[in-house]
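S.K.: Here you go, one structure.
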Amino acid sequence: MRHKALKGIQDILHPETFIWQRLEAIARGVFRAYGYSEIRLPIIESTEIFQRSIGETTDIVEKEMYTFTDKGGRSVTLRPEGTAPFVRAFVEHHLYNEPPPQKYYYMGPMFRYERPQSGRQRQFYQIGAEALGVEEPVIDAEVIAMLSVLLNRIGIKDIEFEVTSIGCSKCRPDYKNALKESLKEKLNLFCEDCKRRYEANPLRILDCKVKTCVDARQGSPSVTGFLCDDCKVHFNGVQHYLKLLNVHYVINPNLVRGLDYYTRTAFEVKSSLLGAQNAVAAGGRYGSLVEEFGGPGTPGIGFAIGVERIISLISEPSAGAKGPDIFLCSMGHGAEEKILVLAGQLRREGLWAEINYDKSSLRSQMRRADRMRAKTVIVVGEDELKKNTATIKDMQDKKEFKVPLEAEEILKIIKEK
RNA sequence: GUGAGUGUAGCUCAGUUGGCAGAGCAUCUGACUGUGGCUCAGAGGGUCGCGGGUUCAAGCCCCGUCACUCACCCCA
């Protein structure tokens, strides 16, 4: 094999593309119902945009970005996530001047330079939504509810919503200190990674899967207990509205986000049917990101769905794939030209019409029609051409009869079925 | 970045102590010459991931490399 796609980067082929289209169509429909407009964002941005918003010390920025220098000497990066580019565009085009809430969705590829594994590739697709300009917890709940509706429409089962609040810039530092204090004395019980996390990002210790760490952190304080009054009220509100909207969820105070910009509400949708990478969607509130990008103080909340992970949960990837509406067989040169023109007419009416391109036998043409799962076959040979008729055959009940060799007549019959 | 496993036909995979490259499915063709699925017969299709080494001889043994898979880290 001469050339291969790059490591961790895949072609998406038929019939899988069929599922992708269906999923995207469902998503667009749900977004439309909730009043979200599409925004199309570039996949490449100035590196700074990600460094500042995602956080200098996060793994994404430290080791996972596709960053290079362009011919003008600028450092550019293939987007590892969608929120930062979105907020950049939001501020650049003064979208905050529209009446709130400003609601947008996007879909497209993201890039992270990681070792590929199940549910993780270097180029992967996300469908994301962002709602800005509303501080009230009702929008948090509505965004989560919309995600729930969307996943439901797609037919995803065996998923669980996990929700928490990670506080704000006022209360999170207190919690961080309290957590460090409580872990200080038993730090030697933790794994090497957790020891490193203790300084770099102590909240991550809560997310460690090593058994000894899970045991050792028992009894340590919970974020939700350290929320300031405002954050507490907000979180209670989110829960209230989630119940009102009948969204089933569990509170997971150990839920940790890998991006620095999140405040208050954080949530994740997990599937037990996936491998180690079990999050199919995740999101949260960002209180000051718009400000950090130079816009007016505008809160936002959003989520991103991992498209490949969702697709892998859909049981029959080729279900729903259909064959042509009609297959046109020909015998002889005159008939070949006749069906070529006829197919064009039928196609203009929106039918999927397949024709034969070579001199193969009627038998092999029929075989092809059958393999393609054509619903109806038309045969035009010398006889038909002379009488200006066509033989039309239903592939299911095998019945065939003659019809006038006219597009309108054939259309009429097909549409009756 | 770390660890383990796997790379042979379009797909799924056999391939013995090193001795002519295989099967099933798929594709194409044919079976009283204008009718599909089932059956039967046949055909095409291979740089055995790539590069080196050992050997009279390597798909098989050795080294390197690339890719895939799974896991860690982390995340959608």
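Labeling convention for the structure tokens: chains A, B, ... as they appear, residues from 1 per chain, ligands from 1 in order of appearance.
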Which residues are near range 397-414 of chain A? Cut-off 9 Å, only C-alpha atoms (C1' of nucleotides), ignore same chain within fewer than 2 positions. Put them as a list in words.
M.R.: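 Once the nearby chain positions are removed, what remains is Asp325, Ile326, Leu342, Ala343, Gln345, Leu346, Glu349, Leu351, Thr376, Val380, Glu384, Leu385, Lys387, Asn388, Thr389, Ala390, Thr391, Ile392, Lys393, Asp394, Met395, Glu416 and Lys417 of chain A.
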S.K.: Do you know which residues are at most 7 Å from Ile39 in chain A counting only C-alpha atoms (C1' of nucleotides), after dropping those on the same chain fewer than 3 positions away, and could you put them as number ranges by chain?
M.R.: A: 104-106
S.K.: Of the candidates A:Glu199, A:Gly381, A:Ala141, A:Asp229, which shows the shortest atom-to-atom distance to Gly334 in chain A, using only C-alpha atoms?
M.R.: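 Of the candidates, the smallest distance to Gly334 in chain A is held by A:Gly381.
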S.K.: Which of these, B:G5, B:G10, B:G22, B:G37, has the shortest distance to chain A once you count only C-alpha atoms (C1' of nucleotides)?
M.R.: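 For chain A, the nearest of the given residues is B:G37.
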S.K.: Residues of chain A no more than 6 Å from chain B, counting only C-alpha atoms (C1' of nucleotides): send them over as a PyMOL selection string.
M.R.: chain A and resi 281+305-306+363+366-367+370
S.K.: Limited to all heavy atoms, could you put the picked residues into a file as a tab-separated table (two decimals), in the first residue's frame?
M.R.:
chain	number	residue	atom	x	y	z
A	281	ALA	N	-20.47	12.71	25.71
A	281	ALA	CA	-20.70	14.15	25.60
A	281	ALA	C	-20.34	14.78	26.94
A	281	ALA	O	-20.40	14.12	27.98
A	281	ALA	CB	-22.16	14.45	25.26
A	305	ILE	N	-20.59	16.88	21.81
A	305	ILE	CA	-20.85	15.45	21.69
A	305	ILE	C	-19.71	14.85	20.86
A	305	ILE	O	-19.33	15.41	19.84
A	305	ILE	CB	-22.17	15.20	20.94
A	305	ILE	CG1	-23.33	15.82	21.71
A	305	ILE	CG2	-22.40	13.72	20.72
A	305	ILE	CD1	-24.63	15.85	20.91
A	306	GLY	N	-19.19	13.73	21.29
A	306	GLY	CA	-18.19	13.01	20.51
A	306	GLY	C	-18.89	12.14	19.49
A	306	GLY	O	-19.48	11.13	19.84
A	363	ARG	N	-28.75	-11.30	-18.02
A	363	ARG	CA	-28.60	-12.06	-16.79
A	363	ARG	C	-27.70	-11.32	-15.80
A	363	ARG	O	-28.03	-11.16	-14.63
A	363	ARG	CB	-27.99	-13.42	-17.13
A	363	ARG	CG	-27.67	-14.29	-15.95
A	363	ARG	CD	-26.61	-15.28	-16.41
A	363	ARG	NE	-26.66	-16.58	-15.75
A	363	ARG	CZ	-27.63	-17.44	-15.83
A	363	ARG	NH1	-28.70	-17.17	-16.50
A	363	ARG	NH2	-27.57	-18.60	-15.21
A	366	MET	N	-29.34	-8.16	-14.51
A	366	MET	CA	-30.34	-8.49	-13.48
A	366	MET	C	-29.65	-8.81	-12.16
A	366	MET	O	-30.11	-8.44	-11.08
A	366	MET	CB	-31.18	-9.71	-13.92
A	366	MET	CG	-32.18	-9.43	-15.00
A	366	MET	SD	-33.42	-8.22	-14.50
A	366	MET	CE	-34.34	-9.16	-13.28
A	367	ARG	N	-28.54	-9.52	-12.29
A	367	ARG	CA	-27.78	-9.89	-11.10
A	367	ARG	C	-27.30	-8.63	-10.37
A	367	ARG	O	-27.41	-8.52	-9.17
A	367	ARG	CB	-26.59	-10.76	-11.53
A	367	ARG	CG	-26.12	-11.72	-10.46
A	367	ARG	CD	-24.99	-12.56	-10.96
A	367	ARG	NE	-25.47	-13.67	-11.79
A	367	ARG	CZ	-24.67	-14.57	-12.33
A	367	ARG	NH1	-23.37	-14.51	-12.14
A	367	ARG	NH2	-25.16	-15.54	-13.06
A	370	ASP	N	-30.08	-6.89	-8.65
A	370	ASP	CA	-30.46	-7.59	-7.43
A	370	ASP	C	-29.46	-7.34	-6.30
A	370	ASP	O	-29.83	-7.09	-5.17
A	370	ASP	CB	-30.54	-9.09	-7.72
A	370	ASP	CG	-31.08	-9.84	-6.53
A	370	ASP	OD1	-32.17	-9.49	-6.08
A	370	ASP	OD2	-30.38	-10.74	-6.04
S.K.: Would you mind reading off the distance between CA of Pro85 in chain A and CA of Ile44 in chain A, one decimal, in Å?
M.R.: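 Separation of CA of Pro85 in chain A and CA of Ile44 in chain A: 8.8 Å.
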